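Visitor: Here you go, this is my_file.txt (compact mmCIF, C-alpha atoms).
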```txt
# COMPACT_ATOMS: atom_id res chain seq x y z
CA MET Y 1 -2.86 3.98 30.48
CA THR Y 2 0.68 2.91 31.26
CA ASN Y 3 3.49 4.46 29.33
CA HIS Y 4 5.39 1.96 27.24
CA ILE Y 5 8.21 4.29 26.25
CA GLY Y 6 11.35 2.28 25.70
CA LYS Y 7 9.65 -1.02 26.37
CA ILE Y 8 8.73 -1.87 22.79
CA PRO Y 9 11.38 -1.88 20.05
CA ILE Y 10 10.41 0.45 17.20
CA THR Y 11 10.68 -0.58 13.57
CA GLU Y 12 13.68 0.33 11.44
CA THR Y 13 11.33 2.45 9.31
CA ALA Y 14 10.07 4.46 12.31
CA TYR Y 15 13.61 4.72 13.71
CA TYR Y 16 15.08 6.26 10.58
CA ILE Y 17 12.09 8.55 9.99
CA LEU Y 18 12.40 9.93 13.52
CA LEU Y 19 16.15 10.43 13.03
CA SER Y 20 15.42 12.33 9.81
CA LEU Y 21 13.13 14.79 11.58
CA PHE Y 22 15.43 16.54 14.05
CA ASN Y 23 15.18 19.35 11.49
CA PRO Y 24 11.91 20.04 9.64
CA ASN Y 25 11.74 17.89 6.55
CA HIS Y 26 9.19 16.89 3.89
CA GLY Y 27 8.30 13.43 2.58
CA TYR Y 28 10.74 13.12 -0.28
CA GLY Y 29 13.49 14.78 1.80
CA ILE Y 30 13.02 12.10 4.46
CA MET Y 31 13.39 9.35 1.83
CA GLN Y 32 16.58 10.92 0.48
CA ASN Y 33 18.03 11.39 3.95
CA ILE Y 34 17.36 7.77 4.92
CA SER Y 35 18.95 6.50 1.73
CA GLU Y 36 21.98 8.72 2.41
CA ILE Y 37 22.57 7.85 6.09
CA SER Y 38 22.03 4.12 5.45
CA ASN Y 39 24.49 4.18 2.51
CA SER Y 40 21.62 3.30 0.12
CA ARG Y 41 20.81 0.15 2.10
CA ILE Y 42 17.26 1.41 2.65
CA ASN Y 43 15.35 2.87 -0.28
CA MET Y 44 12.07 3.54 1.43
CA GLY Y 45 8.98 3.19 -0.74
CA PRO Y 46 6.50 6.11 -0.71
CA GLY Y 47 3.68 3.81 0.47
CA THR Y 48 5.77 2.66 3.41
CA LEU Y 49 6.76 6.24 4.28
CA TYR Y 50 3.23 7.64 3.98
CA GLY Y 51 1.74 4.96 6.22
CA ALA Y 52 4.50 5.40 8.81
CA LEU Y 53 4.13 9.22 8.86
CA THR Y 54 0.38 8.89 9.46
CA ASN Y 55 1.06 6.44 12.27
CA LEU Y 56 3.78 8.60 13.89
CA LEU Y 57 1.51 11.67 13.73
CA ASP Y 58 -1.27 9.70 15.46
CA LYS Y 59 1.14 8.65 18.21
CA GLY Y 60 2.34 12.22 18.67
CA TRP Y 61 5.99 11.32 18.02
CA ILE Y 62 6.12 13.84 15.15
CA VAL Y 63 4.10 16.95 14.22
CA LEU Y 64 3.26 18.87 11.09
CA VAL Y 65 5.12 22.18 11.12
CA SER Y 66 3.98 23.68 7.82
CA GLU Y 67 0.86 22.74 5.99
CA ASP Y 68 0.21 25.93 4.09
CA SER Y 69 3.12 25.51 1.70
CA ARG Y 70 2.90 22.97 -1.12
CA LYS Y 71 5.06 20.49 0.74
CA LYS Y 72 4.07 19.30 4.18
CA GLU Y 73 6.96 19.50 6.63
CA TYR Y 74 7.27 17.33 9.70
CA LEU Y 75 9.31 17.63 12.92
CA ILE Y 76 10.05 15.25 15.78
CA THR Y 77 8.31 16.02 19.13
CA GLU Y 78 9.75 15.84 22.67
CA LEU Y 79 7.99 12.48 23.06
CA GLY Y 80 9.53 11.31 19.79
CA LYS Y 81 12.98 12.33 21.01
CA GLU Y 82 12.44 10.39 24.23
CA ILE Y 83 11.45 7.33 22.19
CA ILE Y 84 14.57 7.60 20.03
CA GLU Y 85 16.86 8.04 23.06
CA ASN Y 86 15.40 4.95 24.67
CA GLU Y 87 15.74 3.00 21.46
CA VAL Y 88 19.37 4.00 20.97
CA GLY Y 89 19.99 2.87 24.57
CA ARG Y 90 18.33 -0.47 23.87
CA LEU Y 91 20.30 -0.95 20.63
CA ASN Y 92 23.54 -0.07 22.44
CA GLU Y 93 22.82 -2.77 24.99
CA LEU Y 94 22.28 -5.28 22.15
CA CYS Y 95 25.57 -4.25 20.53
CA ILE Y 96 27.56 -4.34 23.79
CA ASN Y 97 26.30 -7.83 24.62
CA GLY Y 98 26.79 -9.06 21.05
CA ASN Y 99 30.32 -7.74 20.87
CA ARG Y 100 31.14 -9.07 24.36
CA ILE Y 101 30.10 -12.62 23.44
CA LEU Y 102 31.64 -12.54 19.95
CA GLY Y 103 34.82 -10.93 21.34
CA GLY Y 104 34.88 -13.53 24.14
CA ILE Y 105 34.76 -16.37 21.64
CA LYS Y 106 37.58 -14.86 19.61
CA ASN Y 107 39.73 -14.39 22.72
CA ASP Y 108 39.37 -18.00 23.88
CA MET I 1 -1.44 3.55 -31.78
CA ILE I 2 -4.06 2.61 -29.22
CA LYS I 3 -5.32 -0.76 -28.04
CA LYS I 4 -8.34 -1.43 -25.86
CA VAL I 5 -8.73 -4.64 -23.88
CA PHE I 6 -11.65 -5.68 -21.70
CA ARG I 7 -10.69 -7.57 -18.55
CA LEU I 8 -12.19 -8.03 -15.10
CA TYR I 9 -9.71 -8.32 -12.25
CA ALA I 10 -10.58 -8.61 -8.61
CA ASP I 11 -7.02 -9.31 -7.44
CA LYS I 12 -4.70 -6.32 -7.80
CA ASP I 13 -1.53 -8.43 -7.86
CA SER I 14 -2.74 -10.41 -10.90
CA GLU I 15 -3.88 -7.16 -12.52
CA GLU I 16 -0.51 -5.52 -11.86
CA LYS I 17 1.32 -8.51 -13.32
CA TRP I 18 -0.83 -8.41 -16.47
CA ILE I 19 -0.30 -4.65 -16.96
CA ASN I 20 3.47 -5.11 -16.54
CA ASP I 21 3.43 -8.03 -19.00
CA MET I 22 1.68 -5.74 -21.50
CA ALA I 23 4.38 -3.06 -20.96
CA ASN I 24 7.00 -5.71 -21.63
CA LYS I 25 5.28 -6.34 -24.96
CA GLY I 26 5.35 -2.62 -25.83
CA TRP I 27 1.89 -1.58 -24.62
CA ALA I 28 1.77 1.12 -21.94
CA PHE I 29 -1.41 1.14 -19.86
CA SER I 30 -2.94 4.63 -19.79
CA HIS I 31 -6.59 4.53 -18.75
CA PHE I 32 -9.14 2.33 -16.99
CA PHE I 33 -12.92 2.51 -17.18
CA LEU I 34 -15.38 -0.23 -16.15
CA GLY I 35 -13.07 -3.10 -17.08
CA MET I 36 -11.86 -1.43 -20.28
CA TYR I 37 -8.09 -0.95 -20.28
CA THR I 38 -6.56 1.49 -22.77
CA PHE I 39 -2.96 0.93 -23.85
CA LYS I 40 -0.67 3.14 -25.91
CA LYS I 41 2.33 1.92 -27.90
CA CYS I 42 5.62 2.26 -25.98
CA GLU I 43 9.15 0.92 -26.09
CA VAL I 44 9.32 -2.72 -25.03
CA GLY I 45 9.61 -2.75 -21.23
CA GLU I 46 9.67 1.04 -21.01
CA TYR I 47 7.64 1.23 -17.79
CA VAL I 48 7.14 -0.56 -14.49
CA TYR I 49 3.58 -0.26 -13.11
CA ARG I 50 2.33 -0.39 -9.53
CA ILE I 51 -1.26 -0.49 -8.31
CA ASP I 52 -2.19 0.69 -4.84
CA LEU I 53 -5.26 1.06 -2.65
CA MET I 54 -5.49 4.52 -1.12
CA GLY I 55 -7.39 5.56 2.01
CA ASP I 56 -9.77 7.65 -0.04
CA ILE I 57 -10.74 8.39 -3.67
CA ALA I 58 -8.02 10.11 -5.71
CA SER I 59 -9.50 13.60 -5.36
CA GLY I 60 -9.55 13.31 -1.54
CA LYS I 61 -7.02 15.44 0.34
CA LYS I 62 -5.05 12.52 1.80
CA SER I 63 -4.89 10.72 -1.51
CA MET I 64 -3.69 13.87 -3.24
CA ASP I 65 -0.89 14.16 -0.66
CA TYR I 66 0.06 10.56 -1.30
CA ILE I 67 0.00 10.89 -5.09
CA LYS I 68 2.20 14.00 -4.80
CA LEU I 69 4.70 12.08 -2.67
CA VAL I 70 4.86 9.19 -5.15
CA GLU I 71 5.34 11.67 -8.02
CA GLU I 72 8.25 13.30 -6.17
CA THR I 73 10.08 9.99 -6.30
CA GLY I 74 10.10 10.21 -10.09
CA ALA I 75 7.02 8.07 -10.71
CA GLU I 76 4.02 9.15 -12.76
CA TYR I 77 0.34 9.06 -11.82
CA VAL I 78 -1.46 7.19 -14.60
CA ASP I 79 -5.09 6.82 -13.56
CA SER I 80 -7.36 6.03 -10.64
CA TRP I 81 -10.60 4.19 -10.01
CA PHE I 82 -12.41 4.89 -6.72
CA ARG I 83 -9.67 4.17 -4.14
CA TRP I 84 -7.43 2.32 -6.60
CA VAL I 85 -4.53 4.14 -8.16
CA TYR I 86 -2.13 3.28 -10.99
CA PHE I 87 1.44 4.56 -11.04
CA ARG I 88 4.29 3.93 -13.42
CA LYS I 89 7.99 4.67 -13.57
CA LYS I 90 10.50 4.42 -16.41
CA SER I 91 12.24 1.10 -15.95
CA SER I 92 15.55 2.78 -16.84
CA GLU I 93 15.39 4.54 -13.45
CA ASN I 94 16.02 2.89 -10.09
CA GLY I 95 13.64 0.14 -8.92
CA PHE I 96 10.03 1.03 -8.29
CA GLU I 97 8.39 -0.35 -5.16
CA LEU I 98 5.72 1.48 -3.18
CA TYR I 99 6.24 -0.68 -0.11
CA SER I 100 9.77 -1.41 1.07
CA ASP I 101 9.20 -3.35 4.30
CA ILE I 102 7.06 -6.29 5.32
CA ASP I 103 5.07 -4.39 7.98
CA SER I 104 3.78 -1.85 5.49
CA ARG I 105 2.99 -4.54 2.91
CA ILE I 106 0.97 -6.37 5.57
CA ASN I 107 -0.90 -3.15 6.42
CA ASN I 108 -1.62 -2.52 2.75
CA TYR I 109 -3.08 -6.02 2.33
CA LYS I 110 -5.09 -5.60 5.54
CA GLY I 111 -6.76 -2.54 4.02
CA ILE I 112 -7.58 -4.53 0.88
CA ARG I 113 -8.90 -7.49 2.91
CA GLN I 114 -11.15 -5.19 4.95
CA MET I 115 -12.60 -3.52 1.86
CA PHE I 116 -13.36 -6.82 0.10
CA ALA I 117 -14.79 -8.40 3.27
CA ILE I 118 -17.20 -5.49 3.76
CA LEU I 119 -18.17 -5.47 0.06
CA GLY I 120 -18.65 -9.27 0.00
CA ILE I 121 -20.81 -9.34 3.12
CA SER I 122 -22.92 -6.40 1.87
CA GLU I 123 -23.43 -8.28 -1.38
CA PHE I 124 -24.77 -11.32 0.52
CA CYS I 125 -27.08 -9.12 2.61
CA ILE I 126 -28.49 -7.55 -0.56
CA GLY I 127 -28.93 -11.03 -2.03
CA MET I 128 -30.82 -12.23 1.04
CA GLY I 129 -33.06 -9.17 0.86
CA GLN I 130 -33.89 -10.05 -2.74
CA LEU I 131 -34.93 -13.61 -1.79
CA SER I 132 -38.31 -12.38 -0.56
CA LEU I 133 -39.04 -11.10 -4.06
CA LEU I 134 -38.50 -14.51 -5.69
CA PHE I 135 -42.18 -15.50 -5.55
CA ARG I 136 -45.15 -13.35 -6.39
CA ASP I 137 -48.65 -14.86 -6.25
CA GLY I 138 -47.00 -18.28 -5.89
CA ASN I 139 -45.11 -17.90 -9.18
CA LEU I 140 -41.30 -17.96 -9.42
CA GLN I 141 -40.05 -14.65 -10.78
CA ILE I 142 -37.32 -15.66 -13.25
CA PHE I 143 -35.88 -12.16 -13.52
CA ASN I 144 -35.49 -11.91 -9.74
CA LEU I 145 -33.97 -15.38 -9.60
CA ILE I 146 -31.28 -14.41 -12.12
CA LEU I 147 -30.64 -11.20 -10.22
CA VAL I 148 -30.23 -13.08 -6.92
CA LEU I 149 -27.88 -15.60 -8.53
CA ILE I 150 -25.72 -12.82 -9.99
CA ILE I 151 -25.59 -11.03 -6.63
CA PHE I 152 -24.59 -14.22 -4.77
CA TYR I 153 -22.00 -15.05 -7.43
CA LEU I 154 -20.44 -11.59 -7.07
CA GLY I 155 -20.50 -12.01 -3.30
CA PHE I 156 -18.54 -15.27 -3.63
CA VAL I 157 -15.98 -13.74 -6.00
CA ILE I 158 -15.45 -10.75 -3.73
CA LEU I 159 -15.15 -12.89 -0.59
CA SER I 160 -12.70 -15.21 -2.35
CA VAL I 161 -10.43 -12.19 -2.95
CA ALA I 162 -10.69 -11.36 0.76
CA LEU I 163 -9.65 -14.93 1.59
CA LYS I 164 -6.81 -14.87 -0.95
CA THR I 165 -5.59 -11.59 0.55
CA ASN I 166 -5.83 -13.16 4.00
CA LYS I 167 -3.48 -15.92 2.82
CA LYS I 168 -0.98 -13.34 1.58
CA ILE I 169 -1.10 -11.58 4.96
CA LYS I 170 -0.45 -14.84 6.81
CA GLN I 171 2.46 -15.65 4.48
CA LEU I 172 4.02 -12.22 5.08
CA MET I 173 3.52 -12.50 8.85
CA LYS I 174 5.31 -15.83 8.79
CA GLU I 175 8.23 -14.25 6.93
CA ASN I 176 8.25 -11.42 9.44
CA SER I 177 8.40 -13.73 12.47
CA ILE I 178 11.36 -15.58 10.96
CA LYS I 179 13.19 -12.32 10.39
CA GLU I 180 12.80 -11.03 13.93
```
Represent the structure of the file as structure tokens.

Guide:
Amino acid sequence: MTNHIGKIPITETAYYILLSLFNPNHGYGIMQNISEISNSRINMGPGTLYGALTNLLDKGWIVLVSEDSRKKEYLITELGKEIIENEVGRLNELCINGNRILGGIKND
Amino acid sequence: MIKKVFRLYADKDSEEKWINDMANKGWAFSHFFLGMYTFKKCEVGEYVYRIDLMGDIASGKKSMDYIKLVEETGAEYVDSWFRWVYFRKKSSENGFELYSDIDSRINNYKGIRQMFAILGISEFCIGMGQLSLLFRDGNLQIFNLILVLIIFYLGFVILSVALKTNKKIKQLMKENSIKE
């Protein structure tokens, strides 16, 4: 199978979950972190988060680090980090081009 | 004070709306059993209710994880029925939505559509199986006829929910394609 890393844009939900897992974190902690870093723009629902975590675990972009304690803690994997780096690169390109065109119009 | 109401809902969105309407009239839903809904007196509009379909019955490990996560957000587990679960949150607290983006709402409806499609088709297969029992010694068996009719009717109702859910999915997908 070909590797599609960086070829497919990831969803905002997956993007912010991955960013929240550079340190081990549990479900509710992830929701709080996302709300904080997005200045309360995103208040992720628990159904959305749970589905996304299951999906990210399946893809191997995150792993479970502690299951024995009451709260399950998750952590981003090397593959997950690669995905995020590629995505940030793609988003930067979008921003650079957007700003270039918008800036160009203003300068005319 | 307690109030019991018998209702049959196949569509969870209509059911959710009805339960929330009851809460707005001062009746807090507390228990479900075979179509019998139990309500307890509450402040008018005290709670917001949400119904969800889980991947497993409520006592399953994954469902327990999910219920725990929802409870951590300040919501309360009210009751469950097979894979269906009822949550509520005080309406004085921040908004209560289980699904915050279109993708996850689509996935949720896809799960519901799949369940109803399988149930509906099974119902028809059972009905077809019963057809051979309609006649015995050349006589129409009235009891079996009624049974077959009930089974087919249920099959239609269940499949119509699958179709209705399919419409909701298409609507959401349309919204999604406009957004992107």

Visitor: Let me have the centre and edge lengths in Å, one decimal, of the box along x, y and z around every listed atom of stretch 74-82 of chain Y with 6 Å of margin on each side, as AutoDock Vina command-line options.

Guide:
```
--center_x 10.1 --center_y 14.0 --center_z 17.0 --size_x 17.7 --size_y 19.2 --size_z 26.5
```

Visitor: Give me the chain I side of the contact with chain Y, cut-off 12 Å, one line per residue showing its nearest atom pair and distance in Å at one decimal, counting all atoms listed in the file, sorted by chain and residue number, as JSON lines.

Guide:
```
{"residue": "I:Arg50", "atom": "CA", "partner": "Y:Gly47", "partner_atom": "CA", "distance": 10.9}
{"residue": "I:Ile51", "atom": "CA", "partner": "Y:Gly47", "partner_atom": "CA", "distance": 11.0}
{"residue": "I:Asp52", "atom": "CA", "partner": "Y:Gly47", "partner_atom": "CA", "distance": 8.5}
{"residue": "I:Leu53", "atom": "CA", "partner": "Y:Gly47", "partner_atom": "CA", "distance": 9.9}
{"residue": "I:Met54", "atom": "CA", "partner": "Y:Gly47", "partner_atom": "CA", "distance": 9.3}
{"residue": "I:Gly55", "atom": "CA", "partner": "Y:Gly51", "partner_atom": "CA", "distance": 10.1}
{"residue": "I:Lys62", "atom": "CA", "partner": "Y:Tyr50", "partner_atom": "CA", "distance": 9.9}
{"residue": "I:Ser63", "atom": "CA", "partner": "Y:Tyr50", "partner_atom": "CA", "distance": 10.3}
{"residue": "I:Met64", "atom": "CA", "partner": "Y:Arg70", "partner_atom": "CA", "distance": 11.4}
{"residue": "I:Asp65", "atom": "CA", "partner": "Y:Lys72", "partner_atom": "CA", "distance": 8.6}
{"residue": "I:Tyr66", "atom": "CA", "partner": "Y:Tyr50", "partner_atom": "CA", "distance": 6.8}
{"residue": "I:Ile67", "atom": "CA", "partner": "Y:Pro46", "partner_atom": "CA", "distance": 9.2}
{"residue": "I:Lys68", "atom": "CA", "partner": "Y:Lys71", "partner_atom": "CA", "distance": 9.0}
{"residue": "I:Leu69", "atom": "CA", "partner": "Y:Gly27", "partner_atom": "CA", "distance": 6.5}
{"residue": "I:Val70", "atom": "CA", "partner": "Y:Pro46", "partner_atom": "CA", "distance": 5.6}
{"residue": "I:Glu71", "atom": "CA", "partner": "Y:Pro46", "partner_atom": "CA", "distance": 9.3}
{"residue": "I:Glu72", "atom": "CA", "partner": "Y:Tyr28", "partner_atom": "CA", "distance": 6.4}
{"residue": "I:Thr73", "atom": "CA", "partner": "Y:Tyr28", "partner_atom": "CA", "distance": 6.8}
{"residue": "I:Gly74", "atom": "CA", "partner": "Y:Tyr28", "partner_atom": "CA", "distance": 10.3}
{"residue": "I:Ala75", "atom": "CA", "partner": "Y:Pro46", "partner_atom": "CA", "distance": 10.2}
{"residue": "I:Val85", "atom": "CA", "partner": "Y:Gly47", "partner_atom": "CA", "distance": 11.9}
{"residue": "I:Phe87", "atom": "CA", "partner": "Y:Pro46", "partner_atom": "CA", "distance": 11.6}
{"residue": "I:Asn94", "atom": "CA", "partner": "Y:Asn43", "partner_atom": "CA", "distance": 9.8}
{"residue": "I:Gly95", "atom": "CA", "partner": "Y:Asn43", "partner_atom": "CA", "distance": 9.2}
{"residue": "I:Phe96", "atom": "CA", "partner": "Y:Gly45", "partner_atom": "CA", "distance": 7.9}
{"residue": "I:Glu97", "atom": "CA", "partner": "Y:Gly45", "partner_atom": "CA", "distance": 5.7}
{"residue": "I:Leu98", "atom": "CA", "partner": "Y:Gly45", "partner_atom": "CA", "distance": 4.4}
{"residue": "I:Tyr99", "atom": "CA", "partner": "Y:Gly45", "partner_atom": "CA", "distance": 4.8}
{"residue": "I:Ser100", "atom": "CA", "partner": "Y:Gly45", "partner_atom": "CA", "distance": 5.0}
{"residue": "I:Asp101", "atom": "CA", "partner": "Y:Thr48", "partner_atom": "CA", "distance": 7.0}
{"residue": "I:Ile102", "atom": "CA", "partner": "Y:Thr48", "partner_atom": "CA", "distance": 9.2}
{"residue": "I:Asp103", "atom": "CA", "partner": "Y:Thr48", "partner_atom": "CA", "distance": 8.4}
{"residue": "I:Ser104", "atom": "CA", "partner": "Y:Thr48", "partner_atom": "CA", "distance": 5.4}
{"residue": "I:Arg105", "atom": "CA", "partner": "Y:Thr48", "partner_atom": "CA", "distance": 7.7}
{"residue": "I:Ile106", "atom": "CA", "partner": "Y:Thr48", "partner_atom": "CA", "distance": 10.5}
{"residue": "I:Asn107", "atom": "CA", "partner": "Y:Gly51", "partner_atom": "CA", "distance": 8.5}
{"residue": "I:Asn108", "atom": "CA", "partner": "Y:Gly47", "partner_atom": "CA", "distance": 8.6}
{"residue": "I:Gly111", "atom": "CA", "partner": "Y:Gly51", "partner_atom": "CA", "distance": 11.5}
{"residue": "I:Asn176", "atom": "CA", "partner": "Y:Thr11", "partner_atom": "CA", "distance": 11.9}
{"residue": "I:Glu180", "atom": "CA", "partner": "Y:Thr11", "partner_atom": "CA", "distance": 10.7}
```

Visitor: Counting only C-alpha atoms, which of Y:Tyr15, Y:Ser35, Y:Gly80, Y:Ser40 gets nearest to Y:Lys59?

Guide: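 Checking each of Y:Tyr15, Y:Ser35, Y:Gly80, Y:Ser40 against Y:Lys59, counting only C-alpha atoms, the winner is Y:Gly80.
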
Visitor: Under the rule that all atoms listed in the file are counted, which of Y:Ile101, Y:Ile83, Y:Leu75, Y:Ile8 is the nearest residue to Y:Leu53?

Guide: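 When distances to Y:Leu53 are compared using all atoms listed in the file, the smallest one comes from Y:Leu75.
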
Visitor: To one decimal in Å, tell me the separation between atom CA of Y:Tyr16 and atom CA of I:Ser91.

Guide: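 These atoms are spaced 27.2 Å apart.
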
Visitor: I want to know what sits within 7 Å of I:Val48, based on all atoms listed in the file, with residues of the same chain fewer than 3 positions away left out; could you give that as a list in words?

Guide: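 So, after excluding close chain neighbours, the residues are Asn20, Arg88, Lys89, Lys90 and Ser91 of chain I.
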
Visitor: Identify the residues around (2.1, -2.4, -23.2) within a radius of 7 Å, measuring from only C-alpha atoms in the coordinates stated by the file, and give them as JSON, numbers by chain.

Guide: {"I": [22, 23, 24, 25, 26, 27, 28, 29, 39, 40, 41, 42]}

Visitor: How many Å lie between atom CA of I:Lys12 and atom CA of I:Lys168, rounded to one decimal?

Guide: 12.3 Å

Visitor: Quick one, how far is atom CA of Y:Leu57 from atom CA of Y:Glu36?

Guide: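 Atom-to-atom, atom CA of Y:Leu57 and atom CA of Y:Glu36 are spaced 23.6 Å apart.
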
Visitor: Could you give me, as a list in words, the residues within 8 Å of I:Met36, counting only C-alpha atoms and dropping anything in the same chain fewer than 4 positions from it?

Guide: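 Non-adjacent residues within range: Lys4, Val5, Phe6, Arg7 and Phe32 of chain I.
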
Visitor: Write out as a ChimeraX atom specification which residues come within 12 Å of Y:Asn23 when counting only C-alpha atoms, dropping same-chain ones fewer than 4 positions away.

Guide: /Y:17-19,29-30,33,62-65,73-77
